[in-house]
>>> print(open('model13.txt').read())   # compact mmCIF, C-alpha atoms
# COMPACT_ATOMS: atom_id res chain seq x y z
CA MET A 24 0.00 0.00 0.00
CA MET A 25 1.28 3.44 -0.89
CA ARG A 26 1.98 5.78 2.01
CA LYS A 27 0.83 9.34 2.07
CA CYS A 28 3.49 12.07 2.08
CA ALA A 29 3.13 12.60 5.84
CA GLY A 30 4.03 8.96 6.35
CA TYR A 31 7.30 9.49 4.53
CA LYS A 32 8.51 12.34 6.70
CA LYS A 33 9.85 10.23 9.55
CA LEU A 34 11.24 7.72 7.05
CA ILE A 35 13.13 10.54 5.34
CA HIS A 36 14.92 11.29 8.61
CA GLU A 37 15.76 7.62 9.06
CA TYR A 38 16.95 7.51 5.45
CA ILE A 39 19.29 10.43 6.10
CA ASP A 40 20.52 8.71 9.28
CA ASN A 41 21.14 5.53 7.31
CA ASP A 42 18.79 3.71 9.61
CA LEU A 43 16.55 1.95 7.10
CA CYS A 44 16.57 -1.52 5.63
CA ASP A 45 17.17 -1.84 1.88
CA SER A 46 13.54 -2.22 0.89
CA LYS A 47 12.48 0.90 2.78
CA ARG A 48 15.44 2.85 1.42
CA ILE A 49 14.34 2.06 -2.12
CA GLU A 50 10.74 2.97 -1.28
CA VAL A 51 11.84 6.35 0.10
CA GLU A 52 14.11 7.04 -2.88
CA ASP A 53 11.31 6.23 -5.31
CA HIS A 54 8.93 8.50 -3.48
CA ILE A 55 11.38 11.41 -3.31
CA ASP A 56 11.95 11.06 -7.05
CA SER A 57 8.27 11.31 -7.77
CA CYS A 58 7.12 13.90 -5.21
CA ASN A 59 8.37 17.48 -5.34
CA GLU A 60 7.08 18.35 -1.90
CA CYS A 61 8.92 15.46 -0.27
CA LYS A 62 12.02 16.15 -2.34
CA GLU A 63 12.04 19.69 -0.99
CA TYR A 64 11.50 18.38 2.54
CA PHE A 65 14.32 15.88 2.08
CA ASN A 66 16.69 18.61 0.86
CA SER A 67 15.92 20.93 3.75
CA ILE A 68 16.41 18.22 6.40
CA LYS A 69 19.53 16.95 4.64
CA ASN A 70 20.98 20.49 4.61
CA LEU A 71 20.13 20.89 8.26
CA VAL A 72 21.77 17.61 9.24
CA VAL A 73 24.88 18.39 7.18
CA SER A 74 25.15 21.78 8.90
CA LEU A 75 24.72 20.22 12.32
CA ASN A 76 27.29 17.51 11.54
CA SER A 77 29.78 20.14 10.40
CA MET A 78 29.52 21.88 13.77
CA LYS A 79 31.32 19.05 15.51
CA THR A 80 34.62 20.38 16.76
CA GLU A 81 37.52 18.61 18.41
CA TYR A 82 38.74 20.34 21.53
CA GLN A 83 41.68 19.72 23.77
CA ILE A 84 41.43 20.65 27.38
CA ASP A 85 43.40 19.54 30.39
CA ILE A 86 41.45 19.50 33.61
CA LYS A 87 43.13 16.47 35.14
CA ALA A 88 45.28 18.40 37.62
CA LYS A 89 42.37 20.55 38.77
CA VAL A 90 39.96 17.65 39.25
CA MET A 91 42.57 15.47 40.94
CA SER A 92 43.39 18.30 43.29
CA ASP A 93 39.70 18.79 44.16
CA ILE A 94 39.28 15.09 44.75
CA GLY A 95 42.44 15.06 46.87
CA LYS A 96 41.17 17.92 49.02
CA LYS A 97 37.87 16.17 49.64
CA THR A 98 39.57 12.90 50.52
CA ALA A 99 41.96 14.71 52.87
CA ARG A 100 39.05 16.35 54.61
CA ILE A 101 37.46 12.98 55.22
CA ILE A 102 40.71 11.55 56.57
CA ASP A 103 41.10 14.50 58.93
CA PHE A 104 37.59 14.00 60.14
CA ARG A 105 38.19 10.32 60.76
CA LYS A 106 41.26 11.11 62.81
CA TYR A 107 39.10 13.01 65.27
CA TYR A 108 36.10 10.86 64.74
CA LYS A 109 35.43 10.05 68.39
CA TYR A 110 35.47 13.69 69.46
CA CYS A 111 33.49 14.82 66.44
CA ALA A 112 30.93 12.08 66.94
CA THR A 113 30.40 13.06 70.58
CA VAL A 114 30.01 16.74 69.75
CA ALA A 115 27.80 15.97 66.78
CA CYS A 116 25.58 13.64 68.79
CA LEU A 117 25.14 16.25 71.50
CA ALA A 118 24.35 18.98 68.99
CA ILE A 119 21.93 16.78 67.10
CA ALA A 120 20.20 15.62 70.25
CA ILE A 121 19.70 19.23 71.38
CA THR A 122 18.52 20.34 67.94
CA VAL A 123 16.08 17.46 67.59
CA PHE A 124 14.66 17.99 71.01
CA PHE A 125 14.18 21.74 70.86
CA THR A 126 13.20 22.19 67.25
CA THR A 127 9.45 22.34 67.01
CA GLY A 128 9.29 20.29 63.84
CA GLY A 129 11.50 17.61 65.25
CA PHE A 130 9.63 17.59 68.52
CA ASN A 131 6.31 17.23 66.72
CA ARG A 132 7.68 14.44 64.67
CA MET A 133 8.84 12.66 67.78
CA LEU A 134 5.38 12.92 69.21
CA ARG A 135 3.79 11.80 66.01
CA THR A 136 6.13 8.88 65.56
CA ASP A 137 5.83 7.80 69.14
CA SER A 138 2.12 7.45 68.67
CA VAL A 139 2.44 4.90 65.91
CA ASN A 140 3.65 1.37 66.51
CA GLY A 141 5.74 2.51 69.44
CA LEU A 142 8.58 3.65 67.23
CA SER A 143 10.61 6.67 68.21
CA ALA A 144 12.19 9.45 66.23
CA GLU A 145 15.51 7.75 66.72
CA THR A 146 14.26 4.94 64.60
CA ALA A 147 16.40 4.40 61.58
CA LEU A 148 15.69 2.53 58.43
CA THR A 149 18.41 -0.06 58.23
CA GLY A 150 19.88 -1.72 55.18
CA ASP A 151 17.52 -4.66 55.34
CA GLY A 152 14.51 -2.37 55.22
CA SER A 153 13.41 -3.02 58.78
CA TYR A 154 13.22 -0.40 61.48
CA ALA A 155 15.77 -0.34 64.22
CA SER A 156 16.94 2.03 66.89
CA ASP A 157 20.38 3.27 66.26
CA ALA A 158 21.86 6.01 68.35
CA GLU A 159 24.29 7.02 65.63
CA LEU A 160 21.54 7.45 63.08
CA ASP A 161 19.16 9.54 65.11
CA ARG A 162 19.64 12.59 62.99
CA TYR A 163 16.55 12.08 60.93
CA TYR A 164 13.02 10.99 61.06
CA VAL A 165 11.73 7.83 59.48
CA ALA A 166 8.02 7.32 59.40
CA PRO A 167 6.77 3.89 60.33
CA LYS A 168 5.21 1.88 57.54
CA GLY A 169 2.04 3.35 56.17
CA GLN A 170 2.18 6.58 58.11
CA GLU A 171 1.11 9.60 56.13
CA MET A 172 3.77 12.21 55.73
CA CYS A 173 3.61 15.98 55.83
CA SER A 174 1.06 17.87 53.81
CA SER A 175 1.45 20.99 51.64
CA VAL A 176 3.17 19.13 48.86
CA GLU A 177 4.74 21.51 46.37
CA GLU A 178 5.95 19.10 43.82
CA SER A 179 6.42 15.38 43.43
CA VAL A 180 8.76 13.21 41.45
CA SER A 181 8.29 9.49 40.89
CA VAL A 182 11.41 7.48 40.22
CA TYR A 183 11.01 4.10 38.59
CA TYR A 184 13.64 1.41 38.97
CA ASN A 185 14.00 -1.64 36.75
CA SER A 186 13.76 -5.31 37.64
CA SER A 187 17.43 -5.65 38.56
CA SER A 188 17.19 -3.02 41.26
CA ASN A 189 17.28 -3.83 44.93
CA ILE A 190 15.24 -1.87 47.44
CA ASP A 191 17.90 -2.25 50.13
CA THR A 192 20.47 -0.64 47.89
CA VAL A 193 18.07 2.21 47.13
CA ILE A 194 17.37 2.71 50.84
CA ASN A 195 21.06 2.60 51.70
CA ASP A 196 21.76 5.19 49.06
CA LEU A 197 19.06 7.43 50.53
CA ASN A 198 20.33 6.88 54.05
CA ASN A 199 23.76 8.05 52.97
CA ALA A 200 22.28 11.10 51.29
CA ILE A 201 20.02 12.29 54.08
CA ASP A 202 22.01 15.30 55.19
CA GLU A 203 23.19 16.35 51.79
CA TYR A 204 19.75 16.32 50.17
CA GLY A 205 17.53 17.62 52.96
CA ILE A 206 15.58 14.37 53.32
CA ASN A 207 12.96 14.66 56.04
CA CYS A 208 11.38 11.32 55.91
CA ILE A 209 11.63 7.92 54.27
CA SER A 210 8.86 5.36 54.51
CA ARG A 211 7.74 2.18 52.83
CA SER A 212 4.22 1.74 51.64
CA ASP A 213 2.08 -0.78 53.48
CA ASP A 214 0.25 -1.77 50.34
CA ASP A 215 3.23 -2.44 48.18
CA ILE A 216 6.56 -3.48 49.62
CA ASN A 217 8.41 -1.98 46.68
CA VAL A 218 6.98 1.52 46.97
CA LEU A 219 9.15 3.99 48.83
CA LYS A 220 7.97 7.41 49.90
CA VAL A 221 10.50 10.12 50.45
CA GLU A 222 9.81 13.60 51.70
CA ILE A 223 12.33 16.36 51.21
CA GLU A 224 12.61 20.10 51.42
CA SER A 225 11.70 21.61 48.08
CA ILE A 226 14.97 23.44 47.57
CA TYR A 227 16.79 20.11 47.42
CA ILE A 228 14.62 18.42 44.79
CA ASP A 229 16.80 19.18 41.76
CA LYS A 230 19.92 18.15 43.62
CA LEU A 231 18.39 14.85 44.71
CA VAL A 232 17.00 14.15 41.25
CA ASP A 233 20.44 14.82 39.85
CA HIS A 234 21.96 12.43 42.37
CA LEU A 235 19.40 9.72 41.64
CA SER A 236 19.88 10.06 37.92
CA LEU A 237 23.34 8.59 38.35
CA VAL A 238 21.91 5.27 39.42
CA GLN A 239 21.85 2.99 36.45
CA ASP A 240 19.02 0.70 37.34
CA GLN A 241 16.66 3.63 37.45
CA ILE A 242 14.43 3.67 34.38
CA TYR A 243 12.89 7.08 34.35
CA MET A 244 11.51 9.87 36.45
CA ALA A 245 8.06 11.41 36.21
CA ARG A 246 7.40 14.88 37.53
CA ASN A 247 4.28 15.89 39.41
CA ASN A 248 1.13 14.06 38.47
CA GLU A 249 2.45 12.41 35.37
CA VAL A 250 1.61 8.73 35.63
CA ARG A 251 3.67 6.22 33.76
CA SER A 252 3.79 2.49 33.83
CA GLU A 253 6.17 -0.01 32.38
CA ALA A 254 6.23 -3.76 32.65
CA ASN A 255 9.67 -4.12 34.14
CA VAL A 256 9.34 -1.64 36.98
CA ASN A 257 10.50 -3.14 40.24
CA ILE A 258 10.62 -0.23 42.68
CA VAL A 259 8.84 3.09 42.62
CA MET A 260 10.15 5.92 44.75
CA ILE A 261 7.74 8.78 45.27
CA ILE A 262 9.50 11.94 46.31
CA THR A 263 7.38 14.77 47.64
CA CYS A 264 8.66 18.25 48.34
CA ILE A 265 7.49 20.44 51.15
CA GLU A 266 8.12 24.12 51.75
CA MET B 13 50.94 -1.32 32.52
CA GLN B 14 47.80 -0.65 30.53
CA TYR B 15 44.63 -1.28 32.50
CA SER B 16 41.24 -1.93 30.97
CA GLU B 17 38.46 0.52 31.74
CA GLU B 18 36.77 -2.05 33.95
CA GLN B 19 39.98 -2.58 35.92
CA LEU B 20 40.42 1.18 36.30
CA ILE B 21 36.89 1.59 37.62
CA LYS B 22 37.40 -1.20 40.15
CA MET B 23 40.68 0.40 41.23
CA ILE B 24 38.93 3.75 41.72
CA VAL B 25 36.18 2.15 43.79
CA GLU B 26 38.87 0.52 45.93
CA GLY B 27 40.39 3.93 46.61
CA ASP B 28 43.02 4.36 43.92
CA ASN B 29 42.53 8.03 43.00
CA GLU B 30 45.32 7.99 40.45
CA ALA B 31 43.38 5.54 38.29
CA PHE B 32 40.77 8.26 37.92
CA GLY B 33 43.39 10.44 36.20
CA VAL B 34 43.47 7.98 33.30
CA ILE B 35 39.68 8.21 33.00
CA ILE B 36 39.80 12.01 32.98
CA GLU B 37 42.44 12.06 30.25
CA LYS B 38 40.39 9.73 28.10
CA TYR B 39 37.05 11.50 28.30
CA GLN B 40 37.66 15.14 29.13
CA ASN B 41 37.68 16.49 25.56
CA LYS B 42 34.44 14.87 24.49
CA ALA B 43 32.82 15.79 27.79
CA TYR B 44 33.89 19.38 27.26
CA ALA B 45 32.49 19.41 23.71
CA ILE B 46 29.08 18.29 24.99
CA ALA B 47 29.09 20.79 27.86
CA LEU B 48 30.15 23.62 25.56
CA ARG B 49 27.34 22.87 23.11
CA ILE B 50 24.82 23.12 25.91
CA LEU B 51 26.30 26.04 27.83
CA GLN B 52 27.88 27.99 24.95
CA ASN B 53 30.45 29.41 27.28
CA HIS B 54 33.99 28.18 27.86
CA ASP B 55 34.29 28.91 31.57
CA ASP B 56 30.95 27.39 32.43
CA ALA B 57 31.61 24.37 30.25
CA LEU B 58 34.89 23.82 32.08
CA ASP B 59 33.13 24.15 35.43
CA ALA B 60 30.43 21.72 34.35
CA VAL B 61 32.97 19.18 33.14
CA GLN B 62 35.04 19.43 36.31
CA ASP B 63 31.91 19.13 38.40
CA SER B 64 30.79 16.14 36.34
CA PHE B 65 34.07 14.30 36.84
CA ILE B 66 33.91 14.94 40.59
CA LYS B 67 30.33 13.64 40.65
CA ALA B 68 31.39 10.59 38.65
CA PHE B 69 34.26 9.97 41.07
CA ARG B 70 32.05 10.28 44.11
CA ASN B 71 29.39 8.05 42.62
CA MET B 72 31.66 5.49 41.02
CA LYS B 73 30.21 2.79 43.28
CA GLN B 74 26.86 3.37 41.59
CA PHE B 75 28.30 2.32 38.27
CA ASN B 76 27.46 -1.35 37.89
CA PHE B 77 28.67 -2.04 34.34
CA GLN B 78 25.13 -2.37 33.01
CA SER B 79 25.82 0.29 30.44
CA SER B 80 29.09 1.51 29.00
CA PHE B 81 31.06 3.91 31.15
CA ASN B 82 31.20 6.66 28.55
CA THR B 83 27.43 6.90 28.24
CA TRP B 84 27.13 7.01 32.04
CA LEU B 85 29.68 9.80 32.19
CA TYR B 86 28.16 11.76 29.29
CA ARG B 87 24.81 11.50 31.03
CA ILE B 88 26.28 13.19 34.08
CA VAL B 89 27.85 15.84 31.84
CA THR B 90 24.58 16.46 29.99
CA ASN B 91 22.55 16.73 33.19
CA THR B 92 25.10 18.88 34.97
CA SER B 93 25.37 21.22 31.99
CA LEU B 94 21.61 21.50 31.56
CA ASP B 95 21.25 22.23 35.26
CA LEU B 96 23.80 25.00 35.02
CA TYR B 97 22.16 26.29 31.86
CA ARG B 98 18.77 26.47 33.56
CA LYS B 99 20.23 28.17 36.60
CA ASN B 100 21.95 30.82 34.58
CA LYS B 101 19.72 32.64 32.16
CA LYS B 102 22.54 34.60 30.63
CA TYR B 103 23.36 31.94 28.07
CA ILE B 104 21.84 33.14 24.85
CA TYR B 105 24.09 32.46 21.92
CA ASP B 106 26.46 35.27 22.74
CA ILE B 107 29.31 33.10 21.58
CA PRO B 108 29.21 31.55 18.11
CA PHE B 109 29.13 27.78 18.12
CA ASP B 110 31.65 26.78 15.50
CA LYS B 111 35.00 27.98 16.81
CA PRO B 112 33.76 30.14 19.56
CA ILE B 113 36.43 30.34 22.11
CA THR B 114 39.36 32.62 22.34
CA ASN B 115 41.14 32.06 25.53
CA GLU B 116 44.27 34.15 25.40
CA ASP B 117 44.76 34.26 29.14
CA ASP B 118 44.58 30.57 29.55
CA ASP B 119 46.38 28.96 26.66
CA ASP B 120 47.89 26.15 28.68
CA TYR B 121 44.51 25.15 29.91
CA TYR B 122 42.74 25.07 26.62
CA ILE B 123 44.06 24.50 23.14
CA GLN B 124 41.71 24.67 20.25
CA VAL B 125 42.28 22.41 17.28
CA GLU B 126 42.64 24.38 14.06
CA ASP B 127 40.17 23.95 11.27
CA GLU B 128 42.17 23.06 8.19
CA LYS B 129 39.69 24.51 5.72
CA SER B 130 41.13 27.55 4.02
CA ASN B 131 38.81 29.60 1.88
CA ILE B 132 37.91 32.75 3.83
CA GLU B 133 34.55 33.19 2.15
CA ALA B 134 33.58 29.65 2.94
CA ILE B 135 34.58 30.14 6.54
CA VAL B 136 32.57 33.37 6.85
CA GLU B 137 29.59 31.72 5.22
CA LYS B 138 29.90 28.72 7.48
CA LYS B 139 30.15 30.93 10.52
CA ASP B 140 26.99 32.79 9.56
CA THR B 141 25.08 29.59 9.05
CA VAL B 142 26.47 28.08 12.22
CA SER B 143 25.51 31.17 14.20
CA LEU B 144 21.96 30.95 12.92
CA VAL B 145 21.75 27.24 13.58
CA ASN B 146 23.21 27.84 17.01
CA HIS B 147 20.59 30.46 17.72
CA ALA B 148 17.86 28.11 16.55
CA ILE B 149 19.20 25.35 18.83
CA SER B 150 19.13 27.71 21.78
CA MET B 151 15.42 28.20 21.16
CA LEU B 152 14.64 24.49 21.40
CA PRO B 153 13.22 22.90 24.55
CA ASP B 154 15.86 21.06 26.59
CA ASP B 155 14.83 17.56 25.54
CA PHE B 156 15.11 18.53 21.86
CA LYS B 157 18.31 20.44 22.41
CA GLU B 158 20.15 17.57 24.09
CA ILE B 159 19.18 15.08 21.42
CA VAL B 160 20.30 17.32 18.56
CA ILE B 161 23.59 18.04 20.33
CA LEU B 162 24.34 14.41 21.14
CA PHE B 163 23.23 12.83 17.89
CA ASP B 164 23.55 15.40 15.12
CA ILE B 165 26.48 17.46 16.37
CA GLU B 166 28.52 15.11 18.53
CA GLN B 167 27.51 12.22 16.31
CA LEU B 168 27.04 9.62 18.99
CA SER B 169 25.09 6.56 17.90
CA LEU B 170 21.34 6.20 18.44
CA ASN B 171 22.04 3.48 21.01
CA GLU B 172 24.48 5.67 22.90
CA VAL B 173 21.99 8.55 22.93
CA SER B 174 19.33 6.16 24.18
CA GLU B 175 21.64 5.08 27.04
CA ILE B 176 22.72 8.60 27.90
CA LEU B 177 19.21 10.01 28.01
CA LYS B 178 17.72 6.81 29.43
CA ILE B 179 14.93 6.75 26.92
CA PRO B 180 13.99 3.88 24.57
CA LEU B 181 15.44 3.83 21.07
CA GLY B 182 12.03 4.50 19.53
CA THR B 183 11.66 7.61 21.67
CA VAL B 184 15.12 8.79 20.60
CA LYS B 185 14.09 8.52 16.95
CA SER B 186 10.75 10.22 17.33
CA ARG B 187 12.20 12.97 19.52
CA LEU B 188 15.00 13.53 17.02
CA PHE B 189 12.45 13.77 14.24
CA ARG B 190 10.42 16.36 16.13
CA ALA B 191 13.51 18.29 17.19
CA ARG B 192 14.77 18.57 13.62
CA GLU B 193 11.33 19.56 12.35
CA LYS B 194 11.18 22.31 14.93
CA LEU B 195 14.72 23.40 14.15
CA ALA B 196 13.97 23.45 10.43
CA LYS B 197 10.84 25.50 11.07
CA ILE B 198 12.78 28.09 13.09
CA LEU B 199 15.48 28.30 10.47
CA LYS B 200 12.97 28.54 7.65
CA LYS B 201 11.41 31.53 9.37
CA GLU B 202 14.83 33.12 9.36
CA GLY B 203 15.37 32.18 5.72
CA THR B 204 18.29 29.85 6.34
CA PHE B 205 16.96 26.63 4.83
>>> encode(input="model13.txt", output="C-alpha cells")
Amino acid sequence: MMRKCAGYKKLIHEYIDNDLCDSKRIEVEDHIDSCNECKEYFNSIKNLVVSLNSMKTEYQIDIKAKVMSDIGKKTARIIDFRKYYKYCATVACLAIAITVFFTTGGFNRMLRTDSVNGLSAETALTGDGSYASDAELDRYYVAPKGQEMCSSVEESVSVYYNSSSNIDTVINDLNNAIDEYGINCISRSDDDINVLKVEIESIYIDKLVDHLSLVQDQIYMARNNEVRSEANVNIVMIITCIE
Amino acid sequence: MQYSEEQLIKMIVEGDNEAFGVIIEKYQNKAYAIALRILQNHDDALDAVQDSFIKAFRNMKQFNFQSSFNTWLYRIVTNTSLDLYRKNKKYIYDIPFDKPITNEDDDDYYIQVEDEKSNIEAIVEKKDTVSLVNHAISMLPDDFKEIVILFDIEQLSLNEVSEILKIPLGTVKSRLFRAREKLAKILKKEGTF
C-alpha cells in the first residue's frame, strides 16, 4: 500500500541517518523522485543535518590536575575527620540531640512517631529495610510503615527502577544522602513493599533528582502528576517536596 | 601497565585516586564538547565538566557495568550542563558555536584544534550559518536540544543517545524527528533553509 506524504517524513529522517533496511530505502528514494514536496523536505532536512554535523569540533582541554586536586582535598578532609572521629561524633551527637529535642518540627515528629507502633524518632531505616533504633543514626526521622507524611506538597517526582534493582540498595543510598539532600522522611508503603515514599525540602529536589539520575538501574523519572507504567518496573520511589 | 576501563573503575572504587586520572584524560575532551554545546560558554563548560568528573568519582560505586562507562559519564555531563544552563539565564548564543572560544589568558589550559579549511569566504559563510543554527538550537526545549547536540552534532550513535538520556530507542528517533522539524521550522522563518 502506498503511504501518504506525511508517512514518509519520519522515514526521510531515518533515510538520512542511514537507519533503514534496503527495501524501505528504495521505497523512500522512489517517493522522493516522484514527489516534489517530499524532495524539498528531504533537501531541507539533509541540509540541516549536514550543517549540524559540520559543527562538531575537536577540543583539547586539560582538567586532570584541577579535578585530581579537588578530589584530593575532599579525601583529605574525610581523613582529617576520621582522625578526630570520636570527638566529632560526641560533639555531633550532642548537637543533634539538642537540635532534635528543641526544634518544634522535630519535637512534633517525635510525638507523632511515638504514637504509631511505638517507634521513636531515633528509629532508623536499616539496610535490610526493617526499622531499628540506632543512636548514631538519630539525625533524621523515618516514618513507620504506612504513616502519612507531611502535607502541603509543592511538587512530586516518581522514580522508577528496573527489575534488577534492589530496594535495600536504594534505601542505603538514601540513608547516605540524608544530610546532603535535605531528606525529612523515608517510609515504605504498606500496600506495596516496593513503593518507597521520600519527603524532602523543596529546595533540594533538583539536587536529589540529579543524584538519583546517576543510578543505572533507574528507568525514568516522572514529575508531578504524570503517571507512567512499564512492565519491568520493580521499585517506585515517590518523592514529595514540602516548603 | 595498561589497564582496561573495567579494571580502572574497580581500582577507583577501591580507593586508587590515580586511576581516575586515566579516566579524565580519556574523556575530558568529548565531555567538554558536549558541555560547551549546551552552555555555549567556555568557563561554564569547564566548570560543568570538572563538576561532572567529581560527581562521577564520588558516585563510582553506583556504576554497575550495566551500560558503558562513557554513556554514564556523558549523562552526568549532559545533566550537569543543563542544570547549570537552567540556573543561569545569561546563556543566549552570545558566543558563536563553531570555533567560539578565544582564551588568550589561559592557553595552557585550553588549546583549540585548528580547522584546516582555508577559503575565507567559505569560513565566513559557514560561521553565519552556524551562528543561525546555534541560535535556533538555543530556542529548542531542553529535551530537543540535548538530542540534537548528542546525535547530530557530537555524532554519537542512536544506542548511545538512548543510554545517555535513558529513553527507549524509539523515543530517541521520534524525539530527534520532532527536534529537527522544529529546528527546520525556526530556520525557515529566518530564511536559512
>>> atom_distance(input="model13.txt", atom1="atom CA of A:Ile261", atom2="atom CA of A:Ile223")
10.7 Å
>>> residues_around(input="model13.txt", residues="B:Lys157", least_positions_apart="6", cutoff="12 Å", atoms="all atoms listed in the file", output="list in words")
Leu75 of chain A; Ile46, Arg49, Ile50, Leu51, Thr90, Ser93, Leu94, Tyr97, Val145, Asn146, His147, Ala148, Ile149, Ser150, Met151, Phe163, Asp164, Ile165, Leu177, Arg187, Leu188, Arg190, Ala191, Arg192, Lys194 and Leu195 of chain B
>>> atom_distance(input="model13.txt", atom1="atom CA of B:Phe32", atom2="atom CA of B:Leu20")
7.3 Å
>>> interface_residues(input="model13.txt", of="chain A", to="chain B", cutoff="9 Å", atoms="only C-alpha atoms", output="VMD selection string")
chain A and resid 32 to 33 36 to 37 66 to 68 70 to 91 93 to 95 229 233 to 234 236 to 243
>>> write_last_selection(input="model13.txt", atoms="C-alpha atoms", output="tab-separated table (two decimals), in the frame of the given file")
chain	number	residue	atom	x	y	z
A	32	LYS	CA	8.51	12.34	6.70
A	33	LYS	CA	9.85	10.23	9.55
A	36	HIS	CA	14.92	11.29	8.61
A	37	GLU	CA	15.76	7.62	9.06
A	66	ASN	CA	16.69	18.61	0.86
A	67	SER	CA	15.92	20.93	3.75
A	68	ILE	CA	16.41	18.22	6.40
A	70	ASN	CA	20.98	20.49	4.61
A	71	LEU	CA	20.13	20.89	8.26
A	72	VAL	CA	21.77	17.61	9.24
A	73	VAL	CA	24.88	18.39	7.18
A	74	SER	CA	25.15	21.78	8.90
A	75	LEU	CA	24.72	20.22	12.32
A	76	ASN	CA	27.29	17.51	11.54
A	77	SER	CA	29.78	20.14	10.40
A	78	MET	CA	29.52	21.88	13.77
A	79	LYS	CA	31.32	19.05	15.51
A	80	THR	CA	34.62	20.38	16.76
A	81	GLU	CA	37.52	18.61	18.41
A	82	TYR	CA	38.74	20.34	21.53
A	83	GLN	CA	41.68	19.72	23.77
A	84	ILE	CA	41.43	20.65	27.38
A	85	ASP	CA	43.40	19.54	30.39
A	86	ILE	CA	41.45	19.50	33.61
A	87	LYS	CA	43.13	16.47	35.14
A	88	ALA	CA	45.28	18.40	37.62
A	89	LYS	CA	42.37	20.55	38.77
A	90	VAL	CA	39.96	17.65	39.25
A	91	MET	CA	42.57	15.47	40.94
A	93	ASP	CA	39.70	18.79	44.16
A	94	ILE	CA	39.28	15.09	44.75
A	95	GLY	CA	42.44	15.06	46.87
A	229	ASP	CA	16.80	19.18	41.76
A	233	ASP	CA	20.44	14.82	39.85
A	234	HIS	CA	21.96	12.43	42.37
A	236	SER	CA	19.88	10.06	37.92
A	237	LEU	CA	23.34	8.59	38.35
A	238	VAL	CA	21.91	5.27	39.42
A	239	GLN	CA	21.85	2.99	36.45
A	240	ASP	CA	19.02	0.70	37.34
A	241	GLN	CA	16.66	3.63	37.45
A	242	ILE	CA	14.43	3.67	34.38
A	243	TYR	CA	12.89	7.08	34.35
>>> atom_distance(input="model13.txt", atom1="atom CA of A:Ile55", atom2="atom CA of A:Lys27")
12.0 Å
